[in-house]
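Trainee: This is the content of target-v8.cif (mmCIF, C-alpha atoms):
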```
data_structure
#
loop_
_atom_site.label_atom_id
_atom_site.label_comp_id
_atom_site.auth_asym_id
_atom_site.auth_seq_id
_atom_site.Cartn_x
_atom_site.Cartn_y
_atom_site.Cartn_z
CA MET P 12 11.96 3.74 28.02
CA PRO P 13 13.40 0.21 28.48
CA SER P 14 16.77 -0.05 30.20
CA THR P 15 19.88 -0.78 28.14
CA GLU P 16 20.06 -4.25 29.66
CA ASP P 17 16.45 -4.98 28.71
CA THR P 18 17.07 -3.72 25.16
CA ILE P 19 20.13 -5.95 24.78
CA ALA P 20 18.19 -8.95 26.07
CA ARG P 21 15.24 -8.29 23.77
CA LEU P 22 17.43 -7.97 20.67
CA GLN P 23 19.48 -11.05 21.58
CA THR P 24 16.29 -13.12 21.69
CA GLN P 25 15.70 -11.92 18.09
CA GLY P 26 19.11 -13.22 17.04
CA VAL P 27 20.81 -9.82 16.95
CA HIS P 28 24.55 -9.72 17.65
CA SER P 29 25.57 -6.40 16.05
CA ILE P 30 24.34 -2.84 15.61
CA LEU P 31 24.71 -0.89 12.40
CA ALA P 32 25.45 2.55 13.88
CA GLN P 33 24.38 4.88 11.06
CA PHE P 34 24.65 8.63 10.52
CA CYS P 35 24.73 10.65 7.32
CA ASP P 36 27.28 13.06 5.89
CA ILE P 37 26.56 16.59 4.72
CA HIS P 38 25.39 15.22 1.34
CA GLY P 39 22.77 13.01 3.02
CA VAL P 40 24.65 9.79 2.26
CA ALA P 41 24.32 7.12 4.96
CA LYS P 42 27.57 6.19 6.71
CA GLY P 43 28.36 4.01 9.71
CA LYS P 44 29.94 0.87 11.10
CA LEU P 45 29.04 -2.43 12.72
CA VAL P 46 29.54 -2.58 16.49
CA PRO P 47 28.73 -5.38 19.00
CA LEU P 48 25.31 -5.32 20.64
CA ARG P 49 26.77 -6.29 24.02
CA LEU P 50 28.46 -2.84 24.27
CA LEU P 51 25.24 -0.90 23.62
CA TYR P 52 25.74 1.19 26.76
CA GLU P 53 29.00 2.58 25.33
CA TRP P 54 27.45 3.38 21.94
CA VAL P 55 24.56 5.22 23.61
CA GLU P 56 26.57 7.11 26.24
CA HIS P 57 29.76 7.87 24.33
CA GLY P 58 29.16 6.89 20.74
CA ALA P 59 30.91 4.87 18.07
CA GLY P 60 34.08 6.64 16.96
CA PHE P 61 34.96 7.74 13.43
CA ALA P 62 37.84 9.80 12.02
CA GLY P 63 36.19 13.22 11.67
CA PRO P 64 38.00 14.51 8.55
CA SER P 65 37.09 11.28 6.73
CA ILE P 66 33.43 12.35 6.69
CA TRP P 67 32.21 14.95 4.21
CA GLY P 68 31.20 18.22 5.84
CA THR P 69 32.18 17.78 9.48
CA GLY P 70 34.84 20.50 9.32
CA LEU P 71 36.79 18.59 11.99
CA PRO P 72 40.61 18.78 12.16
CA ARG P 73 43.07 15.92 11.66
CA HIS P 74 44.33 16.05 15.26
CA GLY P 75 43.30 17.13 18.74
CA PRO P 76 40.32 16.38 21.00
CA ARG P 77 37.80 17.37 18.30
CA SER P 78 39.29 15.29 15.50
CA GLU P 79 37.10 12.30 16.37
CA TYR P 80 33.45 12.14 15.28
CA TYR P 81 31.28 10.17 17.71
CA GLY P 82 27.94 8.81 16.55
CA ARG P 83 25.77 8.34 19.63
CA VAL P 84 23.15 5.65 19.14
CA GLN P 85 19.56 6.76 19.72
CA PRO P 86 18.13 3.62 21.39
CA GLU P 87 14.53 4.34 20.39
CA SER P 88 15.61 4.04 16.74
CA LEU P 89 16.84 0.42 17.00
CA ARG P 90 15.21 -1.78 14.35
CA VAL P 91 16.13 -5.32 13.33
CA LEU P 92 17.18 -5.24 9.68
CA PRO P 93 15.35 -7.91 7.66
CA PHE P 94 18.03 -7.80 4.92
CA MET P 95 21.03 -8.12 7.29
CA PRO P 96 20.54 -11.17 9.54
CA GLY P 97 21.77 -10.63 13.08
CA VAL P 98 22.00 -6.84 12.71
CA ALA P 99 19.87 -4.05 14.18
CA HIS P 100 19.90 -0.57 12.63
CA ALA P 101 20.36 2.51 14.85
CA VAL P 102 20.34 6.21 14.05
CA CYS P 103 23.19 8.26 15.53
CA ASP P 104 23.63 11.89 16.55
CA GLY P 105 26.98 13.50 15.82
CA PHE P 106 29.24 14.67 18.67
CA ALA P 107 32.81 15.97 18.88
CA GLY P 108 34.74 16.84 22.02
CA GLY P 109 31.76 15.71 24.10
CA GLN P 110 29.47 18.35 22.55
CA PRO P 111 26.79 18.16 19.86
CA LEU P 112 28.47 18.77 16.51
CA ASP P 113 27.15 21.92 14.88
CA THR P 114 27.82 20.55 11.39
CA CYS P 115 25.83 17.36 12.05
CA SER P 116 22.67 17.64 9.95
CA ARG P 117 20.58 15.63 12.42
CA GLN P 118 21.67 17.92 15.27
CA ILE P 119 20.69 20.92 13.12
CA LEU P 120 17.17 19.57 12.62
CA LYS P 121 16.89 18.62 16.32
CA LYS P 122 17.74 22.19 17.28
CA GLN P 123 14.94 23.52 15.08
CA THR P 124 12.34 21.01 16.31
CA ARG P 125 13.28 21.73 19.94
CA ALA P 126 12.71 25.44 19.36
CA LEU P 127 9.37 24.64 17.76
CA ALA P 128 8.42 22.44 20.73
CA GLU P 129 9.14 25.32 23.12
CA ARG P 130 6.18 27.16 21.61
CA GLY P 131 4.04 24.02 21.90
CA TRP P 132 4.13 23.16 18.21
CA LYS P 133 5.16 20.05 16.30
CA LEU P 134 6.02 19.75 12.60
CA TRP P 135 4.69 16.73 10.71
CA VAL P 136 6.20 15.72 7.39
CA GLY P 137 4.93 13.25 4.83
CA ILE P 138 7.74 12.35 2.41
CA GLU P 139 7.01 11.01 -1.08
CA PRO P 140 10.07 9.22 -2.50
CA GLU P 141 10.44 8.89 -6.28
CA PHE P 142 13.36 6.93 -7.73
CA PHE P 143 14.71 5.06 -10.74
CA LEU P 144 15.79 1.43 -11.15
CA LEU P 145 18.92 1.45 -13.29
CA ASN P 146 21.79 -0.72 -14.45
CA LYS P 147 25.19 -0.08 -15.99
CA GLY P 148 25.97 -1.72 -19.33
CA PRO P 149 29.26 -3.24 -20.55
CA ALA P 150 30.37 0.13 -21.97
CA ALA P 151 29.80 1.73 -18.54
CA GLN P 152 26.65 3.44 -19.85
CA TRP P 153 23.77 3.74 -17.38
CA HIS P 154 20.34 2.64 -18.58
CA VAL P 155 16.89 1.73 -17.28
CA ALA P 156 17.13 -1.73 -15.69
CA ASP P 157 13.90 -3.00 -17.26
CA ALA P 158 14.60 -3.12 -21.01
CA LEU P 159 10.87 -3.56 -21.74
CA ASP P 160 9.95 -0.37 -19.83
CA ARG P 161 9.68 1.96 -22.81
CA LEU P 162 6.13 3.29 -23.12
CA ASP P 163 5.71 6.88 -24.29
CA LYS P 164 3.42 7.50 -21.32
CA PRO P 165 4.43 4.95 -18.67
CA SER P 166 2.58 6.25 -15.60
CA TYR P 167 0.81 3.44 -13.72
CA ASP P 168 2.06 0.81 -16.18
CA LEU P 169 0.90 -2.54 -14.77
CA LYS P 170 3.07 -4.62 -17.09
CA ALA P 171 6.16 -2.98 -15.55
CA ILE P 172 4.70 -3.63 -12.09
CA HIS P 173 4.34 -7.33 -12.99
CA ARG P 174 7.88 -7.56 -14.39
CA ASN P 175 9.35 -5.95 -11.26
CA ALA P 176 7.04 -7.62 -8.75
CA GLY P 177 10.01 -9.31 -7.07
CA PHE P 178 11.66 -6.00 -6.18
CA LEU P 179 8.37 -4.47 -5.06
CA GLU P 180 7.50 -7.47 -2.90
CA THR P 181 10.95 -7.34 -1.25
CA MET P 182 10.38 -3.65 -0.54
CA ARG P 183 6.88 -4.29 0.81
CA SER P 184 8.04 -7.10 3.07
CA ASP P 185 11.18 -5.35 4.38
CA LEU P 186 9.56 -1.95 4.90
CA THR P 187 6.60 -3.52 6.71
CA ALA P 188 8.99 -5.45 8.98
CA LEU P 189 10.72 -2.13 9.77
CA GLY P 190 7.44 -0.51 10.85
CA PHE P 191 6.59 1.51 7.73
CA GLU P 192 2.87 1.98 7.11
CA LEU P 193 2.76 1.62 3.33
CA GLN P 194 0.13 3.51 1.36
CA GLN P 195 0.88 2.79 -2.28
CA MET P 196 3.44 1.67 -4.86
CA ASP P 197 3.22 2.78 -8.48
CA HIS P 198 5.12 3.26 -11.71
CA GLU P 199 5.81 6.94 -12.25
CA ASP P 200 5.88 9.10 -15.40
CA ALA P 201 9.35 8.11 -16.65
CA CYS P 202 10.57 4.74 -17.84
CA GLY P 203 12.23 2.93 -14.94
CA GLN P 204 10.76 5.33 -12.37
CA TYR P 205 8.72 4.32 -9.30
CA GLU P 206 7.17 5.92 -6.25
CA ILE P 207 6.51 4.25 -2.89
CA ASN P 208 4.43 6.18 -0.36
CA TYR P 209 4.22 5.60 3.38
CA SER P 210 2.63 7.43 6.30
CA PHE P 211 3.79 10.80 7.63
CA ASP P 212 5.70 11.31 10.87
CA GLU P 213 7.14 13.95 13.17
CA ALA P 214 9.88 15.89 11.35
CA LEU P 215 12.95 14.23 12.87
CA ALA P 216 11.47 10.74 12.62
CA ALA P 217 10.44 11.44 9.00
CA ALA P 218 14.03 12.29 8.08
CA ASP P 219 15.31 9.18 9.91
CA ARG P 220 12.73 7.09 8.11
CA TYR P 221 13.72 8.36 4.67
CA LEU P 222 17.36 7.39 5.27
CA LEU P 223 16.18 3.92 6.34
CA PHE P 224 13.90 3.72 3.28
CA LYS P 225 16.87 4.40 1.00
CA MET P 226 19.04 1.82 2.76
CA THR P 227 16.27 -0.75 2.33
CA ALA P 228 15.76 0.15 -1.33
CA HIS P 229 19.48 -0.12 -2.12
CA ALA P 230 19.54 -3.61 -0.59
CA ALA P 231 16.35 -4.72 -2.38
CA ALA P 232 17.51 -3.44 -5.77
CA GLN P 233 20.88 -5.15 -5.38
CA LYS P 234 19.14 -8.40 -4.47
CA HIS P 235 17.25 -8.23 -7.77
CA GLY P 236 20.23 -7.24 -9.92
CA MET P 237 19.39 -3.53 -10.20
CA VAL P 238 20.59 -0.19 -8.87
CA PHE P 239 18.31 2.07 -6.82
CA SER P 240 18.95 5.65 -7.95
CA CYS P 241 18.05 8.97 -6.32
CA MET P 242 19.61 10.93 -9.19
CA PRO P 243 17.05 13.71 -9.77
CA LYS P 244 17.19 13.66 -13.60
CA PRO P 245 18.86 10.57 -15.10
CA LEU P 246 16.98 10.68 -18.43
CA ALA P 247 17.22 13.83 -20.54
CA HIS P 248 13.78 13.63 -22.18
CA ALA P 249 11.77 12.25 -19.26
CA PRO P 250 10.48 13.72 -15.99
CA GLY P 251 12.85 13.73 -13.04
CA SER P 252 12.30 12.49 -9.50
CA GLY P 253 10.99 14.65 -6.69
CA LEU P 254 10.89 14.21 -2.92
CA HIS P 255 7.81 16.21 -2.04
CA PHE P 256 7.23 17.21 1.59
CA HIS P 257 3.65 17.37 2.88
CA LEU P 258 3.87 19.82 5.78
CA SER P 259 1.56 20.46 8.70
CA ILE P 260 1.99 21.80 12.23
CA THR P 261 -0.06 20.95 15.29
CA ASP P 262 -0.25 22.75 18.63
CA ALA P 263 -0.05 21.19 22.10
CA ALA P 264 -3.71 20.15 21.90
CA GLY P 265 -3.23 18.49 18.52
CA ASN P 266 -5.01 21.23 16.56
CA ALA P 267 -3.84 21.83 12.98
CA ILE P 268 -2.19 25.26 12.84
CA PHE P 269 -2.42 25.57 9.05
CA ALA P 270 -6.02 24.45 8.55
CA ASP P 271 -9.02 26.81 8.38
CA PRO P 272 -11.90 25.68 6.12
CA GLN P 273 -13.41 29.18 6.22
CA HIS P 274 -10.27 30.88 4.87
CA THR P 275 -8.79 31.10 1.36
CA LEU P 276 -7.53 27.72 0.12
CA GLY P 277 -8.63 26.17 3.43
CA LEU P 278 -5.57 27.62 5.18
CA SER P 279 -5.30 29.78 8.27
CA SER P 280 -3.38 33.05 8.33
CA ALA P 281 -0.44 31.08 9.78
CA GLY P 282 -0.64 28.67 6.85
CA HIS P 283 -0.66 31.57 4.40
CA SER P 284 2.36 33.18 6.08
CA PHE P 285 4.27 29.88 6.24
CA ALA P 286 3.74 29.46 2.49
CA ALA P 287 4.84 33.07 1.97
CA GLY P 288 8.02 32.34 3.91
CA LEU P 289 8.78 29.38 1.65
CA LEU P 290 8.33 31.50 -1.46
CA HIS P 291 10.35 34.37 0.02
CA HIS P 292 13.32 32.12 0.81
CA ALA P 293 12.87 29.74 -2.15
CA ASP P 294 16.10 30.72 -3.93
CA ALA P 295 18.26 29.95 -0.88
CA LEU P 296 16.17 26.88 -0.01
CA SER P 297 17.01 25.49 -3.44
CA ALA P 298 20.62 24.98 -2.34
CA LEU P 299 19.45 22.65 0.48
CA CYS P 300 16.48 21.04 -1.27
CA ALA P 301 18.09 20.65 -4.72
CA PRO P 302 21.77 20.30 -3.79
CA THR P 303 23.37 18.83 -6.94
CA VAL P 304 24.14 20.20 -10.39
CA ASN P 305 21.82 17.53 -11.80
CA SER P 306 18.94 18.85 -9.66
CA TYR P 307 18.58 21.87 -11.93
CA LYS P 308 18.00 19.69 -14.96
CA ARG P 309 14.94 18.44 -13.11
CA LEU P 310 13.98 22.01 -12.16
CA ALA P 311 13.68 23.11 -15.78
CA SER P 312 10.68 23.80 -17.98
CA SER P 313 11.82 21.34 -20.65
CA SER P 314 9.57 19.13 -22.76
CA VAL P 315 9.38 15.43 -21.92
CA ALA P 316 8.56 12.33 -23.93
CA SER P 317 5.33 11.64 -22.01
CA GLY P 318 4.02 15.12 -22.74
CA THR P 319 3.68 15.89 -19.04
CA THR P 320 6.07 17.46 -16.58
CA TRP P 321 5.39 18.26 -12.95
CA SER P 322 8.62 20.18 -12.43
CA PRO P 323 8.05 23.14 -10.06
CA VAL P 324 9.92 25.88 -11.88
CA TRP P 325 8.17 29.05 -10.73
CA LYS P 326 7.81 30.59 -7.27
CA SER P 327 4.06 30.35 -6.96
CA TRP P 328 1.39 28.54 -5.00
CA GLY P 329 -2.09 27.28 -5.69
CA ASP P 330 -4.88 24.96 -4.62
CA ASN P 331 -4.13 21.43 -5.87
CA ASN P 332 -1.91 22.99 -8.54
CA ARG P 333 1.02 20.69 -9.31
CA THR P 334 2.65 23.27 -11.58
CA CYS P 335 3.40 25.43 -8.51
CA VAL P 336 6.28 24.95 -6.09
CA VAL P 337 3.80 25.12 -3.18
CA ARG P 338 0.60 23.13 -3.59
CA THR P 339 -2.17 23.45 -1.02
CA VAL P 340 -4.28 20.40 -0.29
CA ALA P 341 -6.62 19.46 2.57
CA GLY P 342 -5.38 22.17 4.94
CA ARG P 343 -1.69 21.38 4.52
CA LEU P 344 1.16 22.48 2.28
CA GLU P 345 2.96 20.33 -0.26
CA TRP P 346 6.50 21.65 -0.75
CA ARG P 347 7.46 20.40 -4.21
CA LEU P 348 10.99 21.80 -4.45
CA PRO P 349 12.98 18.99 -2.73
CA GLY P 350 14.56 16.23 -4.80
CA PRO P 351 15.62 12.75 -3.67
CA SER P 352 19.33 13.65 -3.57
CA CYS P 353 18.81 16.12 -0.72
CA ASN P 354 19.91 15.59 2.85
CA PRO P 355 16.44 15.29 4.45
CA TYR P 356 17.55 16.70 7.83
CA LEU P 357 18.93 19.84 6.21
CA ALA P 358 16.07 20.25 3.75
CA ILE P 359 13.42 19.94 6.49
CA ALA P 360 15.35 22.20 8.89
CA ALA P 361 15.75 24.91 6.26
CA THR P 362 12.12 24.59 5.21
CA LEU P 363 10.99 25.01 8.82
CA ILE P 364 13.23 28.06 9.35
CA ALA P 365 11.85 29.72 6.21
CA GLY P 366 8.22 28.99 6.99
CA LEU P 367 8.46 30.18 10.60
CA ASP P 368 10.15 33.37 9.40
CA GLY P 369 7.09 33.92 7.23
CA ILE P 370 4.84 33.54 10.27
CA ALA P 371 7.02 35.72 12.53
CA ALA P 372 7.17 38.51 9.94
CA GLY P 373 3.50 38.20 8.98
CA MET P 374 4.48 37.70 5.34
CA ARG P 375 1.73 37.76 2.74
CA ALA P 376 1.89 35.35 -0.16
CA PRO P 377 1.04 36.51 -3.69
CA ALA P 378 -2.37 35.71 -5.10
CA PRO P 379 -2.82 31.94 -5.51
CA CYS P 380 -2.28 30.60 -9.00
CA ASP P 381 -5.35 28.88 -10.48
CA VAL P 382 -3.99 28.11 -13.96
CA ASP P 383 -1.54 25.61 -15.46
CA LEU P 384 1.72 27.57 -15.46
CA TYR P 385 3.07 25.61 -18.41
CA ASP P 386 0.00 26.59 -20.47
CA ARG P 387 0.42 30.17 -19.27
CA ARG P 388 4.05 30.20 -20.39
CA ALA P 389 3.16 28.70 -23.79
CA ALA P 390 0.61 31.48 -24.27
CA GLY P 391 3.32 34.09 -23.69
CA ASP P 392 1.66 35.52 -20.58
CA ALA P 393 3.58 37.09 -17.69
CA MET P 394 5.05 34.48 -15.35
CA PRO P 395 5.90 34.41 -11.63
CA PRO P 396 9.61 34.65 -10.75
CA ARG P 397 11.40 31.39 -11.42
CA LEU P 398 13.64 29.33 -9.19
CA PRO P 399 17.43 29.39 -9.62
CA ARG P 400 18.62 27.81 -12.88
CA SER P 401 21.78 26.30 -11.40
CA LEU P 402 23.34 25.08 -8.19
CA ASP P 403 25.78 27.98 -8.40
CA ASP P 404 22.90 30.49 -8.37
CA ALA P 405 21.21 28.68 -5.48
CA VAL P 406 24.38 28.61 -3.38
CA ARG P 407 24.87 32.32 -4.01
CA ALA P 408 21.31 32.93 -2.79
CA LEU P 409 22.03 30.94 0.38
CA GLU P 410 25.11 33.06 1.04
CA GLN P 411 22.92 36.16 0.88
CA ASP P 412 20.04 34.83 3.02
CA ALA P 413 20.80 35.98 6.57
CA THR P 414 17.80 34.17 8.07
CA LEU P 415 18.78 30.74 6.77
CA TRP P 416 22.48 31.34 7.37
CA HIS P 417 21.85 32.20 11.01
CA GLY P 418 19.26 29.45 11.54
CA LEU P 419 21.41 26.68 10.07
CA GLY P 420 24.58 27.98 11.70
CA GLU P 421 27.79 29.63 10.54
CA SER P 422 29.91 26.47 10.80
CA PHE P 423 27.54 24.34 8.75
CA CYS P 424 26.84 26.97 6.08
CA THR P 425 30.52 27.73 5.59
CA GLU P 426 31.28 24.03 5.11
CA PHE P 427 28.26 23.45 2.85
CA VAL P 428 28.99 26.42 0.59
CA HIS P 429 32.65 25.44 0.27
CA LEU P 430 31.79 21.89 -0.83
CA LYS P 431 29.07 23.01 -3.23
CA ARG P 432 31.42 25.54 -4.83
CA LEU P 433 33.88 22.69 -5.43
CA GLU P 434 31.07 20.62 -6.98
CA CYS P 435 30.08 23.47 -9.30
CA ASP P 436 33.69 24.04 -10.34
CA ALA P 437 34.23 20.33 -11.04
CA TYR P 438 31.09 20.24 -13.20
CA GLN P 439 32.14 23.31 -15.18
CA GLN P 440 35.42 21.62 -16.08
CA GLN P 441 33.71 18.61 -17.72
CA ILE P 442 33.34 18.25 -21.50
CA THR P 443 30.10 16.41 -22.18
CA PRO P 444 29.15 14.19 -25.16
CA TRP P 445 26.54 16.82 -26.07
CA GLU P 446 29.32 19.42 -26.51
CA TRP P 447 31.40 17.09 -28.67
CA GLN P 448 28.40 16.32 -30.88
CA ARG P 449 27.35 19.96 -31.22
CA TYR P 450 30.66 21.79 -31.51
CA ALA P 451 33.51 19.45 -32.60
CA ASP P 452 33.12 20.06 -36.35
CA ALA P 453 30.61 22.94 -36.34
CA PHE P 454 32.92 25.90 -36.90
#
```
Re-express the file's structure as structure tokens.
Mentor:
Amino acid sequence: MPSTEDTIARLQTQGVHSILAQFCDIHGVAKGKLVPLRLLYEWVEHGAGFAGPSIWGTGLPRHGPRSEYYGRVQPESLRVLPFMPGVAHAVCDGFAGGQPLDTCSRQILKKQTRALAERGWKLWVGIEPEFFLLNKGPAAQWHVADALDRLDKPSYDLKAIHRNAGFLETMRSDLTALGFELQQMDHEDACGQYEINYSFDEALAAADRYLLFKMTAHAAAQKHGMVFSCMPKPLAHAPGSGLHFHLSITDAAGNAIFADPQHTLGLSSAGHSFAAGLLHHADALSALCAPTVNSYKRLASSSVASGTTWSPVWKSWGDNNRTCVVRTVAGRLEWRLPGPSCNPYLAIAATLIAGLDGIAAGMRAPAPCDVDLYDRRAAGDAMPPRLPRSLDDAVRALEQDATLWHGLGESFCTEFVHLKRLECDAYQQQITPWEWQRYADAF
């Protein structure tokens, strides 16, 4: 690894004068500050300081040696930001009192990947971001930014691609400059909805990359007069946005642990047990992978204007079956539960804990599902168990899941559950326009 002095010199030749030291809070929202490049040694060795209680989910006190949150720059993460001239982006690990902070989501994922590395394994994650481009009108009402984007079935709409080519080109250019290997850009199944795919990475790097993707998208949308939104379900009668994880594990020799062409669904026994672990812990995983009250409007078997919904409502798995929460494809697992509002470090860490528990316990998954579950439901046939219907139910499941509670840590889980209970309570106290319309003069 280059020395700190060499890194400073290299970045200075690229016109960099400042570092955006970035971490994320418990909700997965990027936070940070600008610090001078010339003091890189300090930011790497000691970290940039932040008031701990000012950050959601740290659990740090207002005074004492552990009241300060220090974000230690990871020098290998330094990237020159194409949309902030003179600034390089850096990912930070959270510390307090000189020790790794046990409520820091990146530290939680690092702990899990280190344990996996001790057995010679490595988790690879391909993340598929879906999102909306929105705007807020004069009456403070949110709406799709592209007023002409209104097809009944808008998937792959090229006219919308042409109209929003400026945003997409900014994304292509900026992401490429940041080292993303782009695979495709397309219009998704809801008006105003897009998906941009890029190559997979090792678990920790994949989570880092998703945070950087969102930062880039926010900047690009703002440049073009729009708002980049990771709200899971902004439109009532349209599909919501997912953040599907394509999961695979390799051993020290690079062999795929999950793949076995001679076995059912092309998966090894370890792959089967990992999938079984995901299904076994799915209720508790929902709290981490679908962590907002709005997430459960996406995770609902409602009808949509396009006539198609890919929402994974039932705890089932199947070969190339997008109506299941676990889809098997090409010797890997697609985990379809996560939504774009999740904290990727926490969602990946929890997913890994659940899957490895399935392997350790030799769990057996139910028979694979080879039918469209929405057709099966419409026919009135028996259905697999469904996922939690609300954030409140999911948080309750997390409280009762000893494996995830222990794996993620007492300090983090206590803080997370407390904040999510407050979110549920705040939502329950709201009176929505739907309630006014339905009940105001009905009785």
Trainee: To one decimal place in Å, what is the distance between atom CA of P:Leu419 and atom CA of P:Ile119?
Mentor: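 These two atoms are separated by 6.6 Å.
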Trainee: Of the candidates P:Val304, P:Cys335, P:Leu223, P:Met374, which one gets nearest to P:Ser401 if we count all atoms listed in the file?
Mentor: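 With all atoms listed in the file as the atom set, the closest residue is P:Val304.
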Trainee: Using only C-alpha atoms, which residue out of P:Tyr205, P:Phe239, P:Phe256, P:Tyr167 lies closest to P:Glu139?
Mentor: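 Ranking P:Tyr205, P:Phe239, P:Phe256, P:Tyr167 by distance to P:Glu139, first place goes to P:Phe256.
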Trainee: Set the distance at 12 Å and use all atoms listed in the file: which residues neighbour P:Asp392 once local chain neighbours fewer than 5 positions away are removed? I'd like the list as an mmCIF file with C-alpha atoms, keeping the file's coordinate frame.
Mentor:
```
data_model
loop_
_atom_site.group_PDB
_atom_site.id
_atom_site.type_symbol
_atom_site.label_atom_id
_atom_site.label_comp_id
_atom_site.auth_asym_id
_atom_site.auth_seq_id
_atom_site.Cartn_x
_atom_site.Cartn_y
_atom_site.Cartn_z
ATOM 1 C CA VAL P 382 -3.990 28.110 -13.960
ATOM 2 C CA ASP P 383 -1.540 25.610 -15.460
ATOM 3 C CA LEU P 384 1.720 27.570 -15.460
ATOM 4 C CA TYR P 385 3.070 25.610 -18.410
ATOM 5 C CA ASP P 386 0.000 26.590 -20.470
ATOM 6 C CA ARG P 387 0.420 30.170 -19.270
#
```
Trainee: Would you pick out the contacts of P:Leu344 at 6 Å or less, using all atoms listed in the file, so that residues sharing its chain but fewer than 2 positions from it are not included, and give the list as a list of chain:residue names?
Mentor: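 That gives P:His257, P:Leu258, P:Arg338, P:Thr339.
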Trainee: For the structure provided, state which residues fall under the PyMOL selection byres ((chain P and resi 43) around 12), and present them as an MDAnalysis selection string.
Mentor: chainID P and resid 30:36 40:42 44:46 58:62 65:66 80:84 100:105 226
Trainee: To verify the selection step, state as a ChimeraX atom specification which residues the PyMOL selection byres ((chain P and resi 75) around 12) yields on this input.
Mentor: /P:62-64,71-74,76-80,107-108
Trainee: Go through P:Ala247, P:Ile138, P:Ala156, P:Leu193 one by one, measure the shortest atom-to-atom distance of each to P:Arg174 using only C-alpha atoms, and give the residue with the smallest value.
Mentor: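 Using only C-alpha atoms, P:Arg174 sits closest to P:Ala156.
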Trainee: Would you kindly translate the PyMOL selection byres ((chain P and resi 283) around 9) into the concrete residues it picks from this file, as a VMD selection string?
Mentor: chain P and resid 269 275 to 276 278 to 282 284 to 288 369 to 370 374 to 376
Trainee: What's around P:Phe224 at 10 Å? Count all atoms listed in the file, leave out sequence neighbours fewer than 3 positions away in its own chain, and write the answer as an mmCIF file with C-alpha atoms, in the coordinates of the input.
Mentor:
```
data_model
loop_
_atom_site.group_PDB
_atom_site.id
_atom_site.type_symbol
_atom_site.label_atom_id
_atom_site.label_comp_id
_atom_site.auth_asym_id
_atom_site.auth_seq_id
_atom_site.Cartn_x
_atom_site.Cartn_y
_atom_site.Cartn_z
ATOM 1 C CA PRO P 140 10.070 9.220 -2.500
ATOM 2 C CA MET P 182 10.380 -3.650 -0.540
ATOM 3 C CA ASP P 185 11.180 -5.350 4.380
ATOM 4 C CA LEU P 186 9.560 -1.950 4.900
ATOM 5 C CA LEU P 189 10.720 -2.130 9.770
ATOM 6 C CA PHE P 191 6.590 1.510 7.730
ATOM 7 C CA ILE P 207 6.510 4.250 -2.890
ATOM 8 C CA TYR P 209 4.220 5.600 3.380
ATOM 9 C CA ALA P 218 14.030 12.290 8.080
ATOM 10 C CA ASP P 219 15.310 9.180 9.910
ATOM 11 C CA ARG P 220 12.730 7.090 8.110
ATOM 12 C CA TYR P 221 13.720 8.360 4.670
ATOM 13 C CA THR P 227 16.270 -0.750 2.330
ATOM 14 C CA ALA P 228 15.760 0.150 -1.330
ATOM 15 C CA HIS P 229 19.480 -0.120 -2.120
#
```
Trainee: Using all atoms listed in the file, which of P:Arg161, P:Arg309, P:His291, P:Arg343 sits nearest P:Lys326?
Mentor: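 Residue with the minimum atom-to-atom distance to P:Lys326: P:His291.
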Trainee: So which residues are close to (8.5, 34.9, -13.2), meaning at most 9 Å away in the file's coordinates with only C-alpha atoms counted, and can you show them as a PyMOL selection string?
Mentor: chain P and resi 325-327+393-398
Trainee: Near P:Pro323, counting all atoms listed in the file, which residues have an atom at most 8 Å away, once you skip same-chain residues fewer than 2 positions from it, shown as a list of chain:residue names?
Mentor: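 Returned residues: P:Leu310, P:Trp321, P:Trp325, P:Lys326, P:Arg333, P:Thr334, P:Cys335, P:Val336, P:Arg347, P:Leu348.
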